[in-house]
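Everything on this sheet refers to the single structure shown next.
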Amino acid sequence: MLVNAYGAHAGDQPLQPLQITRRAPGAHDVQIDIAFCGICHSDLHQVRAEWQGTQFPCVPGHEIVGRVAAVGVHVHGFRPGDLVGIGCIVDSCKHCADCEDGLENYCDGMIGTYNFPTPDAPGWTLGGYSQQIVVHERYVLRIRHPEEQLAAVAPLLCAGITTYSPLRHWNVGPGKKVGVVGIGGLGHMGIKLAHALGAHVVAFTTSDAKREAALQLGADEVVVSRNAEEMAAHAKSFDLILNTVAAPHNLDAFLVLLKRDGTMTLVGAPATPHDSPNVFNLIMKRRTLAGSMIGGIAETQEMLDFCAEHGIVADIELVRADQINDSYERMLKGDVKYRFVIDNATLAG
Ligand code: NAP
Ligand code: ZN
């Protein structure tokens, strides 16, 4: 089945309209009409070949929401018309310890929604900047938000789970002081979720202009990270810092803000490495520098249900497919509040 998509033929070329093939749904597959797809900074890293191993043509997109169009004969959990989502994972080995623990995101055989090997044409997965996708039912998420919010739910499928999972893993809740570094797609969700979990939230930004907005997102305090005095006022005080920054920067400036046994977890994945932190900043207070990758399917469903219950969605700017390249440039300049979401109906023409 041929569907319209938006993708690039090389890392130094803009994205453009193209047609791709989707497989006919197998016995356990769900075929989805994609209504909206968020634009994650990872899409930009991958399609511009900033990360290694990009296969072209590359169709990014892993913040997918839409309606079920058809299901395979053995699918019992979903029916045509259901509101569903697909995040960053479309397959995994299903039997390793990670899969059995519901942590398919850490399975060595995890198949990402784009740029991962698949028997389907053209030999690697193609993502949500497209009209339809066909996915094994195990990786399909149920959306319980009202339909009017569907576009703003899309970013939960990556930005939401990537921030929710570490917040839960490090037991964020009342009485905990949590820092969120970088107020972009991930960071703005991190602020909303940490606030909803009951923590005291401090937002760190390089943009003075985001100060007021960060408070509205749910931050209790905002620090402009270039201001040494503001930074020093928070020395040795954080239980957890969630660092979402998409570029290399000085990690020590944040490590010294952790209290004894505090953790900074990196979720930002810059194309080039950070300078190594000063080990004394770890040794002196038994601090931990950690990482975290998206989240498992069960936890993604838990996050979606938590957000539906608490009325949480992303703050988005809806764009047409022909605005994707421009959206990338604006994302690089930090000119986004706080996630671009593609209206996939604009792929039809
Ligand atoms: P984004 O919307 O571009 O937000 C990143 C934010 O980081 C910016 O808004 C900016 O916030 C801050 N920033 C950017 N450049 C900076 C610099 N040079 N120094 C300091 N701060 C800077 O990106 P995103 O979609 O949230 O993604 C963030 C990163 O997470 C990307 O690298 C992406 O690939 C990665 N990611 C990882 C996972 C995972 O599983 N670990 C999942 C999804 C995405 P301020 O203006 O507030 O400073
Ligand atoms: Zn993403």
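Chain labels run A, B, ... following the order of the structure tokens; each chain numbers its residues from 1, and ligands are numbered from 1 in the order shown.
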
**Prompt:** Got a sec: who's within 12 Å of Leu44 (chain A), counting only C-alpha atoms, leaving out chain neighbours fewer than 3 positions off, as a PyMOL selection string?
**Reply:** chain A and resi 7-8+11-15+38-41+47-51+54+58-62+246+269-271+324-332

**Item:** Cut-off 12 Å, only C-alpha atoms and all ligand atoms, neighbours of ligand 2 as number ranges by chain
**Value:** A: 37-46, 60-64, 86-89, 112-114, 127-128, 154-163, 184-186, 244, 246, 267-269, 293-295, 339-340

Writer output for current selection, N, CA and C atoms, as a compact mmCIF listing (two decimals), in the first residue's frame:
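File produced: out17.txt:
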```txt
# COMPACT_ATOMS: atom_id res chain seq x y z
N CYS A 37 1.62 14.15 14.10
CA CYS A 37 2.92 13.61 14.53
C CYS A 37 3.78 14.76 15.04
N GLY A 38 4.31 14.61 16.24
CA GLY A 38 5.19 15.63 16.83
C GLY A 38 6.55 15.64 16.16
N ILE A 39 7.22 16.79 16.26
CA ILE A 39 8.59 16.92 15.74
C ILE A 39 9.55 16.95 16.92
N CYS A 40 10.31 15.84 17.07
CA CYS A 40 11.27 15.69 18.17
C CYS A 40 12.64 16.13 17.67
N HIS A 41 13.47 16.65 18.57
CA HIS A 41 14.83 17.04 18.16
C HIS A 41 15.61 15.82 17.65
N SER A 42 15.25 14.62 18.12
CA SER A 42 15.90 13.40 17.61
C SER A 42 15.64 13.24 16.11
N ASP A 43 14.47 13.65 15.64
CA ASP A 43 14.16 13.57 14.20
C ASP A 43 15.22 14.35 13.42
N LEU A 44 15.51 15.55 13.93
CA LEU A 44 16.49 16.42 13.26
C LEU A 44 17.88 15.78 13.31
N HIS A 45 18.29 15.30 14.50
CA HIS A 45 19.62 14.65 14.62
C HIS A 45 19.73 13.53 13.58
N GLN A 46 18.67 12.70 13.48
CA GLN A 46 18.74 11.51 12.63
C GLN A 46 18.69 11.87 11.15
N PRO A 60 11.31 10.60 9.34
CA PRO A 60 11.31 10.61 10.81
C PRO A 60 9.88 10.61 11.37
N GLY A 61 9.82 10.74 12.70
CA GLY A 61 8.52 10.87 13.36
C GLY A 61 8.21 9.71 14.29
N HIS A 62 8.23 9.98 15.63
CA HIS A 62 7.90 8.93 16.59
C HIS A 62 7.01 9.46 17.71
N GLU A 63 6.22 10.47 17.37
CA GLU A 63 5.21 10.97 18.31
C GLU A 63 3.89 10.95 17.55
N ILE A 64 3.36 9.74 17.38
CA ILE A 64 2.29 9.48 16.41
C ILE A 64 0.96 9.25 17.13
N ILE A 86 1.53 5.72 18.71
CA ILE A 86 2.75 4.94 18.54
C ILE A 86 3.90 5.86 18.95
N GLY A 87 4.77 5.35 19.80
CA GLY A 87 5.93 6.14 20.21
C GLY A 87 7.18 5.74 19.45
N CYS A 88 8.27 5.58 20.19
CA CYS A 88 9.58 5.35 19.56
C CYS A 88 9.85 3.89 19.25
N ILE A 89 8.98 2.97 19.71
CA ILE A 89 9.27 1.53 19.58
C ILE A 89 8.18 0.86 18.74
N GLY A 112 13.30 0.69 16.52
CA GLY A 112 12.76 2.05 16.62
C GLY A 112 11.80 2.33 15.47
N THR A 113 11.00 3.35 15.64
CA THR A 113 9.93 3.67 14.69
C THR A 113 10.48 4.15 13.34
N TYR A 114 11.70 4.68 13.35
CA TYR A 114 12.35 4.97 12.06
C TYR A 114 13.83 4.62 12.15
N GLY A 127 9.04 6.51 9.70
CA GLY A 127 8.23 6.99 10.82
C GLY A 127 6.95 7.72 10.48
N GLY A 128 6.56 8.59 11.40
CA GLY A 128 5.21 9.14 11.44
C GLY A 128 4.94 10.36 10.59
N ALA A 154 0.14 14.09 21.03
CA ALA A 154 1.21 13.46 20.25
C ALA A 154 2.59 13.53 20.95
N PRO A 155 3.01 14.71 21.42
CA PRO A 155 4.35 14.77 22.02
C PRO A 155 4.53 13.93 23.28
N LEU A 156 3.43 13.48 23.88
CA LEU A 156 3.59 12.62 25.06
C LEU A 156 4.28 11.32 24.68
N LEU A 157 4.13 10.89 23.40
CA LEU A 157 4.64 9.59 22.97
C LEU A 157 6.16 9.50 22.98
N CYS A 158 6.86 10.68 22.93
CA CYS A 158 8.32 10.64 23.15
C CYS A 158 8.70 11.62 24.26
N ALA A 159 8.42 12.91 24.07
CA ALA A 159 8.82 13.89 25.08
C ALA A 159 8.21 13.54 26.44
N GLY A 160 6.96 13.07 26.44
CA GLY A 160 6.28 12.72 27.70
C GLY A 160 6.94 11.54 28.39
N ILE A 161 7.10 10.44 27.67
CA ILE A 161 7.64 9.23 28.32
C ILE A 161 9.12 9.39 28.65
N THR A 162 9.86 10.12 27.85
CA THR A 162 11.30 10.27 28.11
C THR A 162 11.56 11.06 29.38
N THR A 163 10.62 11.90 29.78
CA THR A 163 10.78 12.64 31.02
C THR A 163 10.06 11.92 32.18
N GLY A 184 12.63 22.95 26.28
CA GLY A 184 12.22 22.66 24.91
C GLY A 184 11.09 21.64 24.96
N GLY A 185 11.02 20.79 23.94
CA GLY A 185 9.96 19.79 23.88
C GLY A 185 9.99 18.87 25.10
N LEU A 186 11.16 18.28 25.37
CA LEU A 186 11.25 17.38 26.53
C LEU A 186 11.13 18.16 27.83
N THR A 244 17.86 17.88 29.69
CA THR A 244 17.30 17.58 28.35
C THR A 244 18.04 18.31 27.23
N ALA A 246 20.08 19.58 24.15
CA ALA A 246 20.41 18.87 22.91
C ALA A 246 21.80 19.20 22.38
N VAL A 267 19.11 13.03 29.42
CA VAL A 267 18.27 12.47 28.35
C VAL A 267 18.58 13.14 27.02
N GLY A 268 19.12 14.35 27.05
CA GLY A 268 19.56 15.00 25.80
C GLY A 268 20.66 14.16 25.18
N ALA A 269 20.66 14.08 23.85
CA ALA A 269 21.59 13.19 23.14
C ALA A 269 22.33 13.97 22.05
N MET A 293 16.68 6.25 28.61
CA MET A 293 16.18 6.28 27.23
C MET A 293 14.68 5.99 27.18
N ILE A 294 13.94 6.88 26.61
CA ILE A 294 12.47 6.82 26.48
C ILE A 294 11.85 6.04 27.65
N GLY A 295 11.05 4.99 27.38
CA GLY A 295 10.44 4.20 28.44
C GLY A 295 9.80 2.98 27.79
N ARG A 339 6.48 22.48 21.34
CA ARG A 339 6.65 21.36 20.42
C ARG A 339 5.89 21.65 19.14
N PHE A 340 6.56 21.47 18.00
CA PHE A 340 5.85 21.51 16.73
C PHE A 340 5.16 20.17 16.53
```

**Message:** What's around His169 (chain A) at 12 Å? Count only C-alpha atoms, leave out sequence neighbours fewer than 2 positions away in its own chain, and write the answer as a count of residues only.
**Reply:** 21

For Lys259 (chain A), find every residue with an atom within 12 Å (counting only C-alpha atoms), except residues of its own chain fewer than 3 positions away, and show them as a PDB file with all heavy atoms, in the first residue's frame.
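Just written: result17.pdb:
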```
ATOM      1  N   LYS A 176      10.582  16.227  47.241  1.00  0.00           N
ATOM      2  CA  LYS A 176      11.798  16.138  46.410  1.00  0.00           C
ATOM      3  C   LYS A 176      11.987  17.442  45.642  1.00  0.00           C
ATOM      4  O   LYS A 176      11.030  18.035  45.146  1.00  0.00           O
ATOM      5  CB  LYS A 176      11.690  14.980  45.407  1.00  0.00           C
ATOM      6  CG  LYS A 176      11.659  13.595  46.043  1.00  0.00           C
ATOM      7  CD  LYS A 176      13.046  13.181  46.523  1.00  0.00           C
ATOM      8  CE  LYS A 176      13.052  11.849  47.241  1.00  0.00           C
ATOM      9  NZ  LYS A 176      13.041  10.704  46.361  1.00  0.00           N
ATOM     10  N   LYS A 177      13.266  17.846  45.532  1.00  0.00           N
ATOM     11  CA  LYS A 177      13.591  19.032  44.727  1.00  0.00           C
ATOM     12  C   LYS A 177      14.198  18.572  43.408  1.00  0.00           C
ATOM     13  O   LYS A 177      15.213  17.872  43.392  1.00  0.00           O
ATOM     14  CB  LYS A 177      14.566  19.927  45.493  1.00  0.00           C
ATOM     15  CG  LYS A 177      14.903  21.217  44.748  1.00  0.00           C
ATOM     16  CD  LYS A 177      15.732  22.172  45.616  1.00  0.00           C
ATOM     17  CE  LYS A 177      16.205  23.377  44.796  1.00  0.00           C
ATOM     18  NZ  LYS A 177      17.065  24.285  45.579  1.00  0.00           N
ATOM     19  N   VAL A 178      13.543  18.960  42.319  1.00  0.00           N
ATOM     20  CA  VAL A 178      13.905  18.466  40.988  1.00  0.00           C
ATOM     21  C   VAL A 178      14.239  19.632  40.065  1.00  0.00           C
ATOM     22  O   VAL A 178      13.483  20.602  39.987  1.00  0.00           O
ATOM     23  CB  VAL A 178      12.725  17.663  40.378  1.00  0.00           C
ATOM     24  CG1 VAL A 178      13.052  17.205  38.969  1.00  0.00           C
ATOM     25  CG2 VAL A 178      12.403  16.467  41.249  1.00  0.00           C
ATOM     26  N   GLY A 179      15.359  19.512  39.377  1.00  0.00           N
ATOM     27  CA  GLY A 179      15.717  20.504  38.367  1.00  0.00           C
ATOM     28  C   GLY A 179      15.434  19.949  36.986  1.00  0.00           C
ATOM     29  O   GLY A 179      15.627  18.752  36.740  1.00  0.00           O
ATOM     30  N   HIS A 234      21.507  27.697  44.442  1.00  0.00           N
ATOM     31  CA  HIS A 234      20.933  26.345  44.515  1.00  0.00           C
ATOM     32  C   HIS A 234      21.988  25.269  44.764  1.00  0.00           C
ATOM     33  O   HIS A 234      21.711  24.076  44.602  1.00  0.00           O
ATOM     34  CB  HIS A 234      20.166  26.033  43.222  1.00  0.00           C
ATOM     35  CG  HIS A 234      18.913  26.824  43.080  1.00  0.00           C
ATOM     36  ND1 HIS A 234      17.714  26.432  43.630  1.00  0.00           N
ATOM     37  CD2 HIS A 234      18.677  28.025  42.477  1.00  0.00           C
ATOM     38  CE1 HIS A 234      16.788  27.342  43.365  1.00  0.00           C
ATOM     39  NE2 HIS A 234      17.345  28.319  42.668  1.00  0.00           N
ATOM     40  N   ALA A 235      23.205  25.660  45.170  1.00  0.00           N
ATOM     41  CA  ALA A 235      24.294  24.691  45.374  1.00  0.00           C
ATOM     42  C   ALA A 235      23.868  23.590  46.346  1.00  0.00           C
ATOM     43  O   ALA A 235      23.189  23.851  47.343  1.00  0.00           O
ATOM     44  CB  ALA A 235      25.539  25.407  45.902  1.00  0.00           C
ATOM     45  N   LYS A 236      24.240  22.351  46.021  1.00  0.00           N
ATOM     46  CA  LYS A 236      24.080  21.182  46.909  1.00  0.00           C
ATOM     47  C   LYS A 236      22.643  21.004  47.399  1.00  0.00           C
ATOM     48  O   LYS A 236      22.414  20.690  48.566  1.00  0.00           O
ATOM     49  CB  LYS A 236      25.006  21.320  48.135  1.00  0.00           C
ATOM     50  CG  LYS A 236      26.479  21.447  47.766  1.00  0.00           C
ATOM     51  CD  LYS A 236      27.322  21.661  49.007  1.00  0.00           C
ATOM     52  CE  LYS A 236      28.710  22.163  48.639  1.00  0.00           C
ATOM     53  NZ  LYS A 236      29.448  22.685  49.784  1.00  0.00           N
ATOM     54  N   SER A 237      21.655  21.212  46.534  1.00  0.00           N
ATOM     55  CA  SER A 237      20.272  21.178  47.034  1.00  0.00           C
ATOM     56  C   SER A 237      19.337  20.225  46.293  1.00  0.00           C
ATOM     57  O   SER A 237      18.238  19.960  46.771  1.00  0.00           O
ATOM     58  CB  SER A 237      19.689  22.597  46.981  1.00  0.00           C
ATOM     59  OG  SER A 237      19.542  23.043  45.658  1.00  0.00           O
ATOM     60  N   PHE A 238      19.747  19.689  45.127  1.00  0.00           N
ATOM     61  CA  PHE A 238      18.791  18.909  44.326  1.00  0.00           C
ATOM     62  C   PHE A 238      18.876  17.402  44.592  1.00  0.00           C
ATOM     63  O   PHE A 238      19.947  16.833  44.702  1.00  0.00           O
ATOM     64  CB  PHE A 238      19.025  19.142  42.826  1.00  0.00           C
ATOM     65  CG  PHE A 238      18.515  20.467  42.349  1.00  0.00           C
ATOM     66  CD1 PHE A 238      19.348  21.578  42.347  1.00  0.00           C
ATOM     67  CD2 PHE A 238      17.203  20.610  41.932  1.00  0.00           C
ATOM     68  CE1 PHE A 238      18.878  22.808  41.926  1.00  0.00           C
ATOM     69  CE2 PHE A 238      16.714  21.841  41.515  1.00  0.00           C
ATOM     70  CZ  PHE A 238      17.554  22.937  41.514  1.00  0.00           C
ATOM     71  N   ASP A 239      17.703  16.782  44.636  1.00  0.00           N
ATOM     72  CA  ASP A 239      17.648  15.311  44.651  1.00  0.00           C
ATOM     73  C   ASP A 239      17.905  14.769  43.247  1.00  0.00           C
ATOM     74  O   ASP A 239      18.584  13.765  43.080  1.00  0.00           O
ATOM     75  CB  ASP A 239      16.256  14.842  45.114  1.00  0.00           C
ATOM     76  CG  ASP A 239      15.980  15.247  46.541  1.00  0.00           C
ATOM     77  OD1 ASP A 239      16.553  14.623  47.444  1.00  0.00           O
ATOM     78  OD2 ASP A 239      15.206  16.210  46.743  1.00  0.00           O
ATOM     79  N   LEU A 240      17.287  15.407  42.251  1.00  0.00           N
ATOM     80  CA  LEU A 240      17.404  14.926  40.872  1.00  0.00           C
ATOM     81  C   LEU A 240      17.441  16.118  39.924  1.00  0.00           C
ATOM     82  O   LEU A 240      16.691  17.078  40.093  1.00  0.00           O
ATOM     83  CB  LEU A 240      16.190  14.045  40.501  1.00  0.00           C
ATOM     84  CG  LEU A 240      16.186  13.506  39.064  1.00  0.00           C
ATOM     85  CD1 LEU A 240      17.227  12.394  38.897  1.00  0.00           C
ATOM     86  CD2 LEU A 240      14.807  12.966  38.677  1.00  0.00           C
ATOM     87  N   ILE A 241      18.329  16.024  38.936  1.00  0.00           N
ATOM     88  CA  ILE A 241      18.311  16.996  37.838  1.00  0.00           C
ATOM     89  C   ILE A 241      18.118  16.213  36.544  1.00  0.00           C
ATOM     90  O   ILE A 241      18.847  15.261  36.259  1.00  0.00           O
ATOM     91  CB  ILE A 241      19.606  17.833  37.789  1.00  0.00           C
ATOM     92  CG1 ILE A 241      19.729  18.685  39.065  1.00  0.00           C
ATOM     93  CG2 ILE A 241      19.621  18.729  36.558  1.00  0.00           C
ATOM     94  CD1 ILE A 241      20.984  19.560  39.136  1.00  0.00           C
ATOM     95  N   PHE A 254      26.023  21.906  36.718  1.00  0.00           N
ATOM     96  CA  PHE A 254      24.802  21.330  37.303  1.00  0.00           C
ATOM     97  C   PHE A 254      25.105  20.285  38.363  1.00  0.00           C
ATOM     98  O   PHE A 254      24.385  20.160  39.349  1.00  0.00           O
ATOM     99  CB  PHE A 254      23.914  20.754  36.184  1.00  0.00           C
ATOM    100  CG  PHE A 254      23.421  21.814  35.248  1.00  0.00           C
ATOM    101  CD1 PHE A 254      24.026  22.014  34.015  1.00  0.00           C
ATOM    102  CD2 PHE A 254      22.391  22.661  35.616  1.00  0.00           C
ATOM    103  CE1 PHE A 254      23.605  23.026  33.159  1.00  0.00           C
ATOM    104  CE2 PHE A 254      21.953  23.678  34.776  1.00  0.00           C
ATOM    105  CZ  PHE A 254      22.566  23.859  33.544  1.00  0.00           C
ATOM    106  N   LEU A 255      26.213  19.523  38.180  1.00  0.00           N
ATOM    107  CA  LEU A 255      26.545  18.484  39.184  1.00  0.00           C
ATOM    108  C   LEU A 255      26.718  19.097  40.571  1.00  0.00           C
ATOM    109  O   LEU A 255      26.322  18.499  41.572  1.00  0.00           O
ATOM    110  CB  LEU A 255      27.829  17.751  38.771  1.00  0.00           C
ATOM    111  CG  LEU A 255      27.679  16.757  37.620  1.00  0.00           C
ATOM    112  CD1 LEU A 255      29.045  16.198  37.217  1.00  0.00           C
ATOM    113  CD2 LEU A 255      26.734  15.608  38.000  1.00  0.00           C
ATOM    114  N   VAL A 256      27.307  20.289  40.642  1.00  0.00           N
ATOM    115  CA  VAL A 256      27.554  20.900  41.955  1.00  0.00           C
ATOM    116  C   VAL A 256      26.255  21.366  42.625  1.00  0.00           C
ATOM    117  O   VAL A 256      26.259  21.736  43.801  1.00  0.00           O
ATOM    118  CB  VAL A 256      28.561  22.080  41.876  1.00  0.00           C
ATOM    119  CG1 VAL A 256      29.927  21.587  41.403  1.00  0.00           C
ATOM    120  CG2 VAL A 256      28.037  23.189  40.965  1.00  0.00           C
ATOM    121  N   GLY A 262      22.621  12.836  45.335  1.00  0.00           N
ATOM    122  CA  GLY A 262      21.753  13.297  44.251  1.00  0.00           C
ATOM    123  C   GLY A 262      22.196  12.736  42.900  1.00  0.00           C
ATOM    124  O   GLY A 262      23.333  12.282  42.745  1.00  0.00           O
ATOM    125  N   THR A 263      21.282  12.780  41.953  1.00  0.00           N
ATOM    126  CA  THR A 263      21.550  12.230  40.620  1.00  0.00           C
ATOM    127  C   THR A 263      21.220  13.263  39.549  1.00  0.00           C
ATOM    128  O   THR A 263      20.180  13.935  39.629  1.00  0.00           O
ATOM    129  CB  THR A 263      20.649  10.991  40.372  1.00  0.00           C
ATOM    130  OG1 THR A 263      20.993   9.989  41.327  1.00  0.00           O
ATOM    131  CG2 THR A 263      20.835  10.425  38.958  1.00  0.00           C
ATOM    132  N   MET A 264      22.103  13.348  38.553  1.00  0.00           N
ATOM    133  CA  MET A 264      21.711  14.065  37.331  1.00  0.00           C
ATOM    134  C   MET A 264      21.589  13.023  36.234  1.00  0.00           C
ATOM    135  O   MET A 264      22.530  12.274  35.957  1.00  0.00           O
ATOM    136  CB  MET A 264      22.729  15.115  36.904  1.00  0.00           C
ATOM    137  CG  MET A 264      22.327  15.750  35.550  1.00  0.00           C
ATOM    138  SD  MET A 264      22.981  17.392  35.263  1.00  0.00           S
ATOM    139  CE  MET A 264      24.665  17.027  34.824  1.00  0.00           C
ATOM    140  N   ASN A 281      33.588  16.317  41.532  1.00  0.00           N
ATOM    141  CA  ASN A 281      32.194  16.739  41.748  1.00  0.00           C
ATOM    142  C   ASN A 281      31.267  15.539  41.974  1.00  0.00           C
ATOM    143  O   ASN A 281      30.184  15.689  42.530  1.00  0.00           O
ATOM    144  CB  ASN A 281      31.694  17.583  40.580  1.00  0.00           C
ATOM    145  CG  ASN A 281      32.298  18.970  40.609  1.00  0.00           C
ATOM    146  OD1 ASN A 281      32.673  19.453  41.678  1.00  0.00           O
ATOM    147  ND2 ASN A 281      32.428  19.597  39.442  1.00  0.00           N
ATOM    148  N   LEU A 282      31.709  14.353  41.533  1.00  0.00           N
ATOM    149  CA  LEU A 282      30.936  13.130  41.813  1.00  0.00           C
ATOM    150  C   LEU A 282      31.360  12.532  43.149  1.00  0.00           C
ATOM    151  O   LEU A 282      30.527  12.173  43.986  1.00  0.00           O
ATOM    152  CB  LEU A 282      31.160  12.102  40.696  1.00  0.00           C
ATOM    153  CG  LEU A 282      30.696  12.536  39.295  1.00  0.00           C
ATOM    154  CD1 LEU A 282      31.156  11.537  38.248  1.00  0.00           C
ATOM    155  CD2 LEU A 282      29.173  12.663  39.253  1.00  0.00           C
ATOM    156  N   ILE A 283      32.679  12.441  43.348  1.00  0.00           N
ATOM    157  CA  ILE A 283      33.225  11.775  44.537  1.00  0.00           C
ATOM    158  C   ILE A 283      32.800  12.475  45.827  1.00  0.00           C
ATOM    159  O   ILE A 283      32.381  11.825  46.791  1.00  0.00           O
ATOM    160  CB  ILE A 283      34.776  11.755  44.451  1.00  0.00           C
ATOM    161  CG1 ILE A 283      35.229  10.829  43.319  1.00  0.00           C
ATOM    162  CG2 ILE A 283      35.396  11.357  45.779  1.00  0.00           C
ATOM    163  CD1 ILE A 283      36.718  10.936  43.015  1.00  0.00           C
ATOM    164  N   MET A 284      32.883  13.802  45.799  1.00  0.00           N
ATOM    165  CA  MET A 284      32.752  14.538  47.060  1.00  0.00           C
ATOM    166  C   MET A 284      31.402  14.340  47.745  1.00  0.00           C
ATOM    167  O   MET A 284      31.308  14.380  48.956  1.00  0.00           O
ATOM    168  CB  MET A 284      32.979  16.043  46.832  1.00  0.00           C
ATOM    169  CG  MET A 284      34.354  16.400  46.310  1.00  0.00           C
ATOM    170  SD  MET A 284      35.687  15.877  47.382  1.00  0.00           S
ATOM    171  CE  MET A 284      35.616  17.142  48.641  1.00  0.00           C
ATOM    172  N   LYS A 285      30.365  14.172  46.989  1.00  0.00           N
ATOM    173  CA  LYS A 285      29.034  14.040  47.619  1.00  0.00           C
ATOM    174  C   LYS A 285      28.335  12.745  47.179  1.00  0.00           C
ATOM    175  O   LYS A 285      27.104  12.671  47.210  1.00  0.00           O
ATOM    176  CB  LYS A 285      28.151  15.252  47.242  1.00  0.00           C
ATOM    177  CG  LYS A 285      28.610  16.566  47.841  1.00  0.00           C
ATOM    178  CD  LYS A 285      28.048  16.773  49.245  1.00  0.00           C
ATOM    179  CE  LYS A 285      28.631  18.023  49.878  1.00  0.00           C
ATOM    180  NZ  LYS A 285      28.555  17.964  51.352  1.00  0.00           N
ATOM    181  N   ARG A 286      29.150  11.765  46.731  1.00  0.00           N
ATOM    182  CA  ARG A 286      28.587  10.482  46.287  1.00  0.00           C
ATOM    183  C   ARG A 286      27.468  10.703  45.250  1.00  0.00           C
ATOM    184  O   ARG A 286      26.407  10.075  45.290  1.00  0.00           O
ATOM    185  CB  ARG A 286      28.058   9.678  47.485  1.00  0.00           C
ATOM    186  CG  ARG A 286      27.915   8.186  47.162  1.00  0.00           C
ATOM    187  CD  ARG A 286      27.798   7.327  48.402  1.00  0.00           C
ATOM    188  NE  ARG A 286      26.674   7.682  49.264  1.00  0.00           N
ATOM    189  CZ  ARG A 286      26.438   7.149  50.477  1.00  0.00           C
ATOM    190  NH1 ARG A 286      27.249   6.224  50.953  1.00  0.00           N
ATOM    191  NH2 ARG A 286      25.410   7.525  51.200  1.00  0.00           N
ATOM    192  N   ARG A 287      27.730  11.664  44.373  1.00  0.00           N
ATOM    193  CA  ARG A 287      26.708  11.985  43.367  1.00  0.00           C
ATOM    194  C   ARG A 287      26.748  10.988  42.211  1.00  0.00           C
ATOM    195  O   ARG A 287      27.768  10.349  41.968  1.00  0.00           O
ATOM    196  CB  ARG A 287      26.938  13.384  42.812  1.00  0.00           C
ATOM    197  CG  ARG A 287      26.760  14.493  43.845  1.00  0.00           C
ATOM    198  CD  ARG A 287      27.262  15.803  43.270  1.00  0.00           C
ATOM    199  NE  ARG A 287      27.004  16.932  44.151  1.00  0.00           N
ATOM    200  CZ  ARG A 287      27.925  17.831  44.494  1.00  0.00           C
ATOM    201  NH1 ARG A 287      29.182  17.714  44.066  1.00  0.00           N
ATOM    202  NH2 ARG A 287      27.603  18.843  45.270  1.00  0.00           N
ATOM    203  N   THR A 288      25.641  10.886  41.483  1.00  0.00           N
ATOM    204  CA  THR A 288      25.540   9.974  40.342  1.00  0.00           C
ATOM    205  C   THR A 288      25.245  10.764  39.070  1.00  0.00           C
ATOM    206  O   THR A 288      24.379  11.646  39.074  1.00  0.00           O
ATOM    207  CB  THR A 288      24.383   8.973  40.567  1.00  0.00           C
ATOM    208  OG1 THR A 288      24.618   8.262  41.777  1.00  0.00           O
ATOM    209  CG2 THR A 288      24.280   7.973  39.420  1.00  0.00           C
TER     210      THR A 288
END
```

**Message:** For the helix (DSSP H, G or I) assignment from backbone DSSP, which residues of region 46-190 of chain A qualify? Please present them as a PyMOL selection string.
**Reply:** chain A and resi 46-47+97-100+104-106+137-139+147-157+159-169+185-190

**Item:** Between CA of Leu150 (chain A) and CA of Val3 (chain A) - distance in Å to one decimal
**Value:** 21.6 Å

**Prompt:** Do you know which residues are at most 7 Å from Val319 (chain A) counting only C-alpha atoms, after dropping those on the same chain fewer than 5 positions away, and could you put them as a ChimeraX atom specification?
**Reply:** /A:340-343

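For the residues A:Ala233, A:Ile183, A:Ala314, A:Ile191, ranking by smallest atom-to-atom distance to ligand 1 using only C-alpha atoms and all ligand atoms places A:Ile183 first.
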